[in-house]
Structures are given as structure tokens and as C-alpha cells.
file upload-v9.pdb (PDB, C-alpha atoms)
MODEL        1
ATOM      1  CA  MET A  11      -1.003 -16.710  -7.880
ATOM      2  CA  THR A  12      -4.588 -17.064  -6.793
ATOM      3  CA  ASN A  13      -6.711 -14.255  -5.485
ATOM      4  CA  GLN A  14      -7.283 -14.391  -1.803
ATOM      5  CA  ASN A  15     -10.954 -14.650  -1.028
ATOM      6  CA  ILE A  16     -12.637 -11.907   0.856
ATOM      7  CA  SER A  17     -15.374 -12.982   3.192
ATOM      8  CA  VAL A  18     -17.992 -10.467   4.199
ATOM      9  CA  ALA A  19     -19.901 -11.680   7.243
ATOM     10  CA  LYS A  20     -23.014 -10.074   8.632
ATOM     11  CA  VAL A  21     -23.058 -10.085  12.428
ATOM     12  CA  ARG A  22     -26.246  -8.570  13.860
ATOM     13  CA  ASP A  23     -26.393  -5.152  12.209
ATOM     14  CA  THR A  24     -22.812  -4.983  11.078
ATOM     15  CA  LEU A  25     -20.725  -6.227   8.194
ATOM     16  CA  MET A  26     -17.386  -7.709   9.229
ATOM     17  CA  VAL A  27     -14.504  -7.963   6.804
ATOM     18  CA  THR A  28     -10.986  -9.172   7.579
ATOM     19  CA  MET A  29      -8.349  -8.141   5.064
ATOM     20  CA  PRO A  30      -5.538 -10.622   4.323
ATOM     21  CA  ALA A  31      -1.924  -9.756   5.213
ATOM     22  CA  ASP A  32      -0.733  -8.863   1.730
ATOM     23  CA  PRO A  33      -3.693  -8.407  -0.615
ATOM     24  CA  ASP A  34      -3.070  -7.952  -4.325
ATOM     25  CA  ASP A  35      -4.884  -5.263  -6.326
ATOM     26  CA  VAL A  36      -7.544  -7.698  -7.539
ATOM     27  CA  THR A  37      -8.366  -8.727  -3.972
ATOM     28  CA  VAL A  38      -8.596  -5.082  -2.927
ATOM     29  CA  THR A  39     -10.977  -4.368  -5.817
ATOM     30  CA  ILE A  40     -13.077  -7.453  -5.022
ATOM     31  CA  PHE A  41     -13.301  -6.293  -1.412
ATOM     32  CA  GLN A  42     -14.996  -3.064  -2.513
ATOM     33  CA  GLU A  43     -17.489  -4.865  -4.754
ATOM     34  CA  GLU A  44     -18.313  -7.478  -2.120
ATOM     35  CA  VAL A  45     -18.877  -4.850   0.568
ATOM     36  CA  LEU A  46     -21.238  -2.792  -1.576
ATOM     37  CA  ARG A  47     -23.163  -5.902  -2.621
ATOM     38  CA  ALA A  48     -23.497  -6.948   1.023
ATOM     39  CA  MET A  49     -24.621  -3.429   1.997
ATOM     40  CA  GLU A  50     -27.509  -3.729  -0.430
ATOM     41  CA  LYS A  51     -28.320  -7.308   0.525
ATOM     42  CA  TYR A  52     -28.182  -7.080   4.330
ATOM     43  CA  ARG A  53     -28.824  -3.362   4.937
ATOM     44  CA  PRO A  54     -26.488  -3.149   7.925
ATOM     45  CA  LYS A  55     -25.747  -0.042   9.970
ATOM     46  CA  GLY A  56     -22.102  -0.186   9.174
ATOM     47  CA  LEU A  57     -18.931  -1.949   8.260
ATOM     48  CA  VAL A  58     -16.005  -2.994  10.420
ATOM     49  CA  LEU A  59     -12.852  -3.487   8.395
ATOM     50  CA  ASP A  60     -10.313  -5.493  10.373
ATOM     51  CA  ILE A  61      -6.807  -4.740   9.076
ATOM     52  CA  SER A  62      -4.939  -6.163  12.068
ATOM     53  CA  VAL A  63      -3.022  -8.694   9.957
ATOM     54  CA  VAL A  64      -2.355  -6.264   7.095
ATOM     55  CA  GLU A  65       1.391  -5.756   6.704
ATOM     56  CA  THR A  66       1.453  -3.372   3.762
ATOM     57  CA  LEU A  67      -0.905  -0.480   3.189
ATOM     58  CA  ASP A  68       0.103   1.278   0.007
ATOM     59  CA  SER A  69      -1.613   4.180  -1.739
ATOM     60  CA  PHE A  70      -3.807   1.963  -3.913
ATOM     61  CA  PHE A  71      -5.111   0.004  -0.940
ATOM     62  CA  ALA A  72      -5.628   3.179   1.125
ATOM     63  CA  ARG A  73      -7.473   4.892  -1.713
ATOM     64  CA  THR A  74      -9.776   1.901  -2.128
ATOM     65  CA  ILE A  75     -10.518   1.851   1.604
ATOM     66  CA  SER A  76     -11.388   5.555   1.726
ATOM     67  CA  GLU A  77     -13.436   5.290  -1.489
ATOM     68  CA  THR A  78     -15.304   2.309  -0.098
ATOM     69  CA  SER A  79     -16.060   4.109   3.142
ATOM     70  CA  ARG A  80     -17.450   7.067   1.162
ATOM     71  CA  MET A  81     -19.590   4.702  -0.910
ATOM     72  CA  VAL A  82     -20.830   2.975   2.235
ATOM     73  CA  ALA A  83     -21.637   6.429   3.672
ATOM     74  CA  LEU A  84     -23.617   7.346   0.553
ATOM     75  CA  MET A  85     -25.604   4.143   1.008
ATOM     76  CA  GLY A  86     -26.307   5.099   4.611
ATOM     77  CA  GLY A  87     -23.715   3.153   6.573
ATOM     78  CA  ARG A  88     -20.642   3.899   8.614
ATOM     79  CA  THR A  89     -17.197   2.348   8.272
ATOM     80  CA  VAL A  90     -14.713   1.740  11.053
ATOM     81  CA  ILE A  91     -11.161   0.620  10.277
ATOM     82  CA  ALA A  92      -9.894  -1.556  13.109
ATOM     83  CA  GLY A  93      -6.523  -2.751  14.296
ATOM     84  CA  MET A  94      -3.925  -0.945  12.212
ATOM     85  CA  ARG A  95      -0.438  -2.120  13.207
ATOM     86  CA  PRO A  96       2.029   0.488  14.523
ATOM     87  CA  SER A  97       4.481  -0.170  11.671
ATOM     88  CA  VAL A  98       1.673   0.332   9.143
ATOM     89  CA  ALA A  99       0.514   3.549  10.833
ATOM     90  CA  ILE A 100       4.063   4.968  10.806
ATOM     91  CA  THR A 101       4.581   4.049   7.163
ATOM     92  CA  ALA A 102       1.174   5.324   6.032
ATOM     93  CA  THR A 103       1.788   8.688   7.711
ATOM     94  CA  GLN A 104       5.234   9.080   6.142
ATOM     95  CA  LEU A 105       3.873   8.087   2.767
ATOM     96  CA  GLY A 106       1.265  10.830   3.165
ATOM     97  CA  LEU A 107      -1.799   8.588   3.228
ATOM     98  CA  THR A 108      -5.052   9.676   4.791
ATOM     99  CA  LEU A 109      -8.137   7.567   5.067
ATOM    100  CA  GLY A 110     -10.360  10.531   4.281
ATOM    101  CA  GLY A 111     -11.904  10.908   7.713
ATOM    102  CA  THR A 112     -12.887   7.258   8.066
ATOM    103  CA  LEU A 113     -13.464   6.273  11.695
ATOM    104  CA  THR A 114     -10.757   4.121  13.221
ATOM    105  CA  ALA A 115     -10.539   1.907  16.284
ATOM    106  CA  LEU A 116      -7.770   0.004  18.036
ATOM    107  CA  THR A 117      -9.671  -3.269  18.006
ATOM    108  CA  VAL A 118     -12.711  -4.835  16.379
ATOM    109  CA  ASP A 119     -14.373  -4.769  19.792
ATOM    110  CA  ARG A 120     -14.022  -1.000  20.050
ATOM    111  CA  ALA A 121     -15.075  -0.604  16.429
ATOM    112  CA  LEU A 122     -18.354  -2.321  17.291
ATOM    113  CA  ASP A 123     -18.770   0.039  20.257
ATOM    114  CA  LEU A 124     -18.332   2.996  17.898
ATOM    115  CA  LEU A 125     -20.955   1.686  15.517
ATOM    116  CA  THR A 126     -23.519   1.167  18.261
ATOM    117  CA  GLN A 127     -23.127   4.705  19.575
ATOM    118  CA  PRO A 128     -26.213   6.726  18.681
ATOM    119  CA  HIS A 129     -24.213   9.785  17.682
ATOM    120  CA  PRO A 130     -21.059   9.353  15.674
ATOM    121  CA  ARG A 131     -18.128  11.540  16.626
ATOM    122  CA  ARG A 132     -18.023  12.900  13.175
ATOM    123  CA  ARG A 133     -19.903  12.627   9.946
ATOM    124  CA  LEU A 134     -18.199  11.658   6.754
ATOM    125  CA  ARG A 135     -18.145  14.409   4.247
TER     126      ARG A 135
ATOM    127  CA  MET B 282      24.774 -22.235  -0.326
ATOM    128  CA  SER B 283      25.060 -18.570   0.571
ATOM    129  CA  ASP B 284      22.180 -16.157   0.106
ATOM    130  CA  PRO B 285      22.149 -14.281  -3.202
ATOM    131  CA  THR B 286      23.254 -10.641  -3.018
ATOM    132  CA  GLN B 287      21.392  -9.482  -6.095
ATOM    133  CA  GLY B 288      18.611 -10.404  -8.434
ATOM    134  CA  ASN B 289      15.719  -9.085 -10.444
ATOM    135  CA  ILE B 290      12.046  -9.592 -11.020
ATOM    136  CA  SER B 291      10.032  -8.413 -13.991
ATOM    137  CA  ILE B 292       6.950  -6.313 -13.460
ATOM    138  CA  ARG B 293       4.308  -6.953 -16.098
ATOM    139  CA  SER B 294       1.110  -7.413 -14.156
ATOM    140  CA  GLU B 295      -0.583  -6.426 -10.927
ATOM    141  CA  ASN B 296       0.414  -9.813  -9.502
ATOM    142  CA  ASP B 297       4.050  -8.932 -10.098
ATOM    143  CA  ILE B 298       3.625  -5.978  -7.734
ATOM    144  CA  VAL B 299       2.760  -8.468  -4.981
ATOM    145  CA  ALA B 300       5.640 -10.705  -6.064
ATOM    146  CA  ALA B 301       8.029  -7.714  -5.882
ATOM    147  CA  ARG B 302       6.734  -6.922  -2.384
ATOM    148  CA  ARG B 303       7.493 -10.501  -1.302
ATOM    149  CA  VAL B 304      11.022 -10.393  -2.721
ATOM    150  CA  VAL B 305      11.665  -7.129  -0.877
ATOM    151  CA  ARG B 306      10.149  -8.485   2.337
ATOM    152  CA  ASP B 307      12.463 -11.530   2.237
ATOM    153  CA  LEU B 308      15.462  -9.349   1.453
ATOM    154  CA  ALA B 309      14.812  -6.753   4.179
ATOM    155  CA  THR B 310      14.016  -9.437   6.747
ATOM    156  CA  ARG B 311      17.184 -11.341   5.843
ATOM    157  CA  LEU B 312      19.246  -8.178   6.377
ATOM    158  CA  CYS B 313      17.683  -7.880   9.861
ATOM    159  CA  PHE B 314      15.781  -4.635   9.283
ATOM    160  CA  GLY B 315      13.295  -3.904  12.052
ATOM    161  CA  VAL B 316       9.585  -4.437  11.465
ATOM    162  CA  THR B 317       8.873  -0.741  10.791
ATOM    163  CA  ASP B 318      11.732  -0.407   8.316
ATOM    164  CA  VAL B 319      10.668  -3.647   6.614
ATOM    165  CA  THR B 320       7.187  -2.145   6.232
ATOM    166  CA  ARG B 321       8.635   1.150   4.931
ATOM    167  CA  VAL B 322      10.801  -0.590   2.331
ATOM    168  CA  ILE B 323       7.988  -2.909   1.156
ATOM    169  CA  THR B 324       5.557   0.002   0.883
ATOM    170  CA  ALA B 325       8.043   2.111  -1.104
ATOM    171  CA  ALA B 326       8.689  -0.873  -3.393
ATOM    172  CA  SER B 327       4.951  -1.326  -3.873
ATOM    173  CA  GLU B 328       4.520   2.309  -4.929
ATOM    174  CA  LEU B 329       7.466   2.222  -7.322
ATOM    175  CA  ALA B 330       6.524  -1.156  -8.818
ATOM    176  CA  ARG B 331       2.988   0.114  -9.361
ATOM    177  CA  ASN B 332       4.375   3.223 -11.100
ATOM    178  CA  VAL B 333       6.296   0.976 -13.500
ATOM    179  CA  PHE B 334       3.192  -1.058 -14.282
ATOM    180  CA  LEU B 335       0.899   1.983 -14.468
ATOM    181  CA  TYR B 336       3.040   4.315 -16.563
ATOM    182  CA  ALA B 337       5.273   2.022 -18.599
ATOM    183  CA  GLY B 338       3.239  -1.199 -18.707
ATOM    184  CA  ALA B 339       6.304  -3.284 -17.890
ATOM    185  CA  GLY B 340       9.738  -3.048 -16.391
ATOM    186  CA  THR B 341      12.175  -4.656 -14.005
ATOM    187  CA  MET B 342      13.012  -4.358 -10.344
ATOM    188  CA  TRP B 343      16.691  -5.030  -9.651
ATOM    189  CA  TRP B 344      17.608  -5.624  -6.050
ATOM    190  CA  SER B 345      20.943  -5.893  -4.309
ATOM    191  CA  THR B 346      22.431  -5.897  -0.863
ATOM    192  CA  LEU B 347      24.873  -3.119   0.023
ATOM    193  CA  ASP B 348      27.951  -3.344   2.189
ATOM    194  CA  ARG B 349      29.976  -0.148   2.178
ATOM    195  CA  ALA B 350      32.589   0.428   4.855
ATOM    196  CA  GLY B 351      30.665  -1.695   7.263
ATOM    197  CA  ALA B 352      27.304  -0.089   6.514
ATOM    198  CA  VAL B 353      24.729  -2.648   5.466
ATOM    199  CA  GLY B 354      21.730  -1.823   3.343
ATOM    200  CA  LEU B 355      19.683  -2.642   0.324
ATOM    201  CA  GLU B 356      19.172  -1.071  -3.063
ATOM    202  CA  LEU B 357      16.173  -1.361  -5.343
ATOM    203  CA  ARG B 358      16.301  -0.152  -8.921
ATOM    204  CA  PHE B 359      13.140   0.139 -10.971
ATOM    205  CA  GLU B 360      13.808   0.298 -14.686
ATOM    206  CA  ASP B 361      11.315   0.794 -17.455
ATOM    207  CA  HIS B 362      11.301   1.804 -21.112
ATOM    208  CA  GLY B 363       8.096   3.772 -20.946
ATOM    209  CA  ALA B 364       7.311   7.352 -21.915
ATOM    210  CA  GLY B 365       9.621   8.835 -19.295
ATOM    211  CA  ILE B 366       8.934  11.726 -16.947
ATOM    212  CA  SER B 367       9.116  15.137 -18.633
ATOM    213  CA  ASP B 368       9.379  17.098 -15.391
ATOM    214  CA  VAL B 369      10.940  15.080 -12.567
ATOM    215  CA  GLU B 370      10.708  17.996 -10.140
ATOM    216  CA  LEU B 371       6.979  18.255 -10.729
ATOM    217  CA  ALA B 372       6.559  14.473 -10.443
ATOM    218  CA  MET B 373       8.195  14.663  -7.014
ATOM    219  CA  LYS B 374       5.562  17.115  -5.786
ATOM    220  CA  PRO B 375       3.089  15.458  -3.405
ATOM    221  CA  GLY B 376      -0.363  15.329  -4.947
ATOM    222  CA  TYR B 377       0.806  15.662  -8.540
ATOM    223  CA  SER B 378      -0.314  12.819 -10.773
ATOM    224  CA  THR B 379      -0.860  12.307 -14.480
ATOM    225  CA  SER B 380      -3.009   9.249 -13.803
ATOM    226  CA  ARG B 381      -5.914   9.004 -11.410
ATOM    227  CA  GLY B 382      -3.529   8.143  -8.601
ATOM    228  CA  LEU B 383      -3.027  10.046  -5.375
ATOM    229  CA  GLY B 384       0.305  11.463  -6.492
ATOM    230  CA  LEU B 385       2.016   9.983  -3.453
ATOM    231  CA  GLY B 386       4.154   7.316  -5.064
ATOM    232  CA  LEU B 387       7.420   9.123  -5.816
ATOM    233  CA  PRO B 388       7.519  11.686  -2.961
ATOM    234  CA  GLY B 389       6.169   9.070  -0.523
ATOM    235  CA  ALA B 390       8.755   6.477  -1.524
ATOM    236  CA  LYS B 391      11.484   9.076  -1.076
ATOM    237  CA  ARG B 392      10.370   9.791   2.484
ATOM    238  CA  LEU B 393      10.240   6.080   3.319
ATOM    239  CA  MET B 394      13.756   5.379   2.019
ATOM    240  CA  ASP B 395      17.136   6.948   2.874
ATOM    241  CA  GLU B 396      18.234   7.789  -0.662
ATOM    242  CA  MET B 397      16.507   8.151  -3.989
ATOM    243  CA  GLU B 398      17.665   8.974  -7.508
ATOM    244  CA  ILE B 399      15.560   9.376 -10.615
ATOM    245  CA  HIS B 400      16.889   9.286 -14.153
ATOM    246  CA  SER B 401      14.345   9.779 -16.848
ATOM    247  CA  GLU B 402      14.431  10.518 -20.534
ATOM    248  CA  VAL B 403      11.289  11.347 -22.425
ATOM    249  CA  GLY B 404      10.553   8.597 -24.921
ATOM    250  CA  LYS B 405      13.238   6.315 -23.498
ATOM    251  CA  GLY B 406      12.244   5.387 -19.994
ATOM    252  CA  THR B 407      12.790   5.894 -16.321
ATOM    253  CA  THR B 408      15.091   4.458 -13.686
ATOM    254  CA  VAL B 409      14.322   5.040 -10.026
ATOM    255  CA  THR B 410      16.920   3.879  -7.521
ATOM    256  CA  VAL B 411      16.242   3.791  -3.783
ATOM    257  CA  ARG B 412      18.410   2.711  -0.862
ATOM    258  CA  LYS B 413      17.789   1.941   2.771
ATOM    259  CA  TRP B 414      20.577   1.559   5.302
ATOM    260  CA  LEU B 415      20.420  -0.564   8.384
ATOM    261  CA  SER B 416      20.791   1.746  11.358
ATOM    262  CA  LYS B 417      23.068   0.455  14.064
TER     263      LYS B 417
ENDMDL
END
call {"tool": "encode", "arguments": {"input": "upload-v9.pdb", "output": "C-alpha cells"}}
result
Amino acid sequence: MTNQNISVAKVRDTLMVTMPADPDDVTVTIFQEEVLRAMEKYRPKGLVLDISVVETLDSFFARTISETSRMVALMGGRTVIAGMRPSVAITATQLGLTLGGTLTALTVDRALDLLTQPHPRRRLR
Amino acid sequence: MSDPTQGNISIRSENDIVAARRVVRDLATRLCFGVTDVTRVITAASELARNVFLYAGAGTMWWSTLDRAGAVGLELRFEDHGAGISDVELAMKPGYSTSRGLGLGLPGAKRLMDEMEIHSEVGKGTTVTVRKWLSK
């Protein structure tokens, strides 16, 4: 089984990442490294993580997402998780997952709106 | 050729966790579980398969279809010969973990499935069995 590649694209002032449908642990770990590297390289205002095709969000994946968003915050950026499917939201809640206060949006479009707002609704702690 | 009603997959690496998820996805989809239940079952399987890999290093996931008095469902049994769980009640507590995990695996998987049984013997290993029934 090959690792799915993660592409981190810089669009204007934002990093855009689309997670694959069923990422393995290695892919999830690579995602974190790639994002942090791109934060340093491009110095964007934030990160939009599109999870609209993600079918399984387990505790390892969720922990990596919330860790990454805290790391991005420490570097001075904001993270918005976009497009979680209803079935994934139901399952994540029953499993007891939280994303540690990471901003969320229904779509990538709205995530970009959130990132361009001058005052975020809430600061990451 | 009819579809198999049982099988197993060994869990020895992180890739096997993904492989186990795929097996469970195919099984749950074949039994006509709805999309949310398919997601629940796959996520529970992912947590339990990761526990096997994390705590025992290796083990096996046995899967089977269930048909009892007209009720259709699936059963997943995760078997390992690792250190075992010394206090199952404590391990079922949300937030309790002996690794650097979130402590959600066992209690979370229980909430996502309809039935769960844990048999564990210290020094011998652990078997976690979960079932999900197709609601009519």
C-alpha cells in the first residue's frame, strides 16, 4: 500500500490542504509535517483543511488535526476545518472526539471568509 | 459464488489498520447498513485495530455476519496475545490511557456499536468482541 500524497497549496494568503477519503497513519503524520513546513516557507495567515471527502475520522486523525491547529496557532496562523460530512460528525461526537476549539466551516468557501475576517470569533488557547 | 460470511485479517502494522477499515467497510456496505452506521462501524474498528497494534504489537481481526432469528448484523473480534488489560473497568473509562492516546478507543467503540465484550488476562492477551445490528 502506498502512502497517499498530501498536497499543500498556497492560495493568496492561505494554505489549502485536501485530506484523502481514508488516510493511513503515515499520511496523517506527513500532513502535519507538510503543513508546518509550508507555514514557515509561505508565511500564510492560516490553513484551510478540507475534509469533505474524509469518510473516517478516528481518534488518531482527530488528535493530529487538533495538534496541528495548535502548532499552526503557535506559529501565528489560524486553522479552519471545512466540510465535515454529517455521518463523520455524528460518529466523532459519539466517539467523544473534540477538535480542541479549532474553527470549523461548512464549506471551503466559508472557511476562507472566516480567515479573512479581521477578528476571529474565538482565539485558540 | 456467494459472499463469504466470515474471515480474518492480521494486524501487524499501521497499514493493516487501514486494511481492516476497508474490510469492515465492504462488509457493512454489503449488509446494507446506512452511511452513518457504516461510518460508526469503521471508526470503531479503526480504534480497536489501533489498540491491538499499539498495545500488543500484533493480533487478528475476525469478522462474521450474523443472522439470528431474522436479525442481521455483523461481529468483529479483535484478538491479541499482548500484555492484557489489568483493570478492564478502568480501561473503559473515557480519558483513561496507558499510552499517549486520548483514551477514547474502548469507551468510544462501545458507544458506536450495539454490543461489546472484553475478555482479558494479564500476560495472556485480550479479546474484544463488538456487534452491530441492522435496524429495520
call {"tool": "residues_around", "arguments": {"input": "upload-v9.pdb", "residues": "Asp119 (chain A)", "least_positions_apart": "4", "cutoff": "12 Å", "atoms": "all atoms listed in the file", "output": "ChimeraX atom specification"}}
result
/A:26,58-60,90-93,114-115,123-126
call {"tool": "interface_residues", "arguments": {"input": "upload-v9.pdb", "of": "chain A", "to": "chain B", "cutoff": "7 Å", "atoms": "all atoms listed in the file", "output": "PDB file with C-alpha atoms, in the frame of the given file"}}
result
ATOM      1  CA  ASP A  34      -3.070  -7.952  -4.325  1.00  0.00           C
ATOM      2  CA  ASP A  35      -4.884  -5.263  -6.326  1.00  0.00           C
ATOM      3  CA  GLU A  65       1.391  -5.756   6.704  1.00  0.00           C
ATOM      4  CA  THR A  66       1.453  -3.372   3.762  1.00  0.00           C
ATOM      5  CA  LEU A  67      -0.905  -0.480   3.189  1.00  0.00           C
ATOM      6  CA  ASP A  68       0.103   1.278   0.007  1.00  0.00           C
ATOM      7  CA  SER A  97       4.481  -0.170  11.671  1.00  0.00           C
ATOM      8  CA  VAL A  98       1.673   0.332   9.143  1.00  0.00           C
ATOM      9  CA  THR A 101       4.581   4.049   7.163  1.00  0.00           C
ATOM     10  CA  GLN A 104       5.234   9.080   6.142  1.00  0.00           C
ATOM     11  CA  LEU A 105       3.873   8.087   2.767  1.00  0.00           C
ATOM     12  CA  GLY A 106       1.265  10.830   3.165  1.00  0.00           C
TER      13      GLY A 106
END
call {"tool": "closest_residue", "arguments": {"input": "upload-v9.pdb", "among": "B:Glu356, B:Asp395, B:Asp361, B:Asp368", "to": "Ile292 (chain B)", "atoms": "all atoms listed in the file"}}
result
B:Asp361
call {"tool": "resolve_selection", "arguments": {"input": "upload-v9.pdb", "expression": "the PyMOL selection byres ((chain B and resi 290) around 10)", "output": "list in words"}}
result
Gly288, Asn289, Ser291, Ile292, Arg293, Asp297, Ile298, Ala300, Ala301, Val304, Gly340, Thr341, Met342, Trp343, Trp344 and Phe359 of chain B
call {"tool": "resolve_selection", "arguments": {"input": "upload-v9.pdb", "expression": "the PyMOL selection byres ((chain B and resi 367) around 8)", "output": "PyMOL selection string"}}
result
chain B and resi 365-366+368-369+401-403
call {"tool": "closest_residue", "arguments": {"input": "upload-v9.pdb", "among": "B:Arg349, B:Gly406, B:Leu329, B:Ala372", "to": "Met394 (chain B)", "atoms": "all atoms listed in the file"}}
result
B:Leu329
call {"tool": "residues_around", "arguments": {"input": "upload-v9.pdb", "residues": "region 82-87 of chain A", "least_positions_apart": "3", "cutoff": "6 Å", "atoms": "all atoms listed in the file", "output": "list in words"}}
result
Lys55, Gly56 and Ser79 of chain A
call {"tool": "atom_distance", "arguments": {"input": "upload-v9.pdb", "atom1": "CA of Ala330 (chain B)", "atom2": "CA of Ala364 (chain B)"}}
result
15.6 Å
call {"tool": "resolve_selection", "arguments": {"input": "upload-v9.pdb", "expression": "the PyMOL selection byres ((chain B and resi 348) around 12)", "output": "number ranges by chain"}}
result
B: 286, 312, 345-347, 349-356, 412-415
call {"tool": "atom_distance", "arguments": {"input": "upload-v9.pdb", "atom1": "CA of Glu50 (chain A)", "atom2": "CA of Leu109 (chain A)"}}
result
23.1 Å
call {"tool": "closest_residue", "arguments": {"input": "upload-v9.pdb", "among": "B:Leu357, B:Leu308, B:Met373, B:Ala337", "to": "Lys405 (chain B)", "atoms": "only C-alpha atoms"}}
result
B:Ala337
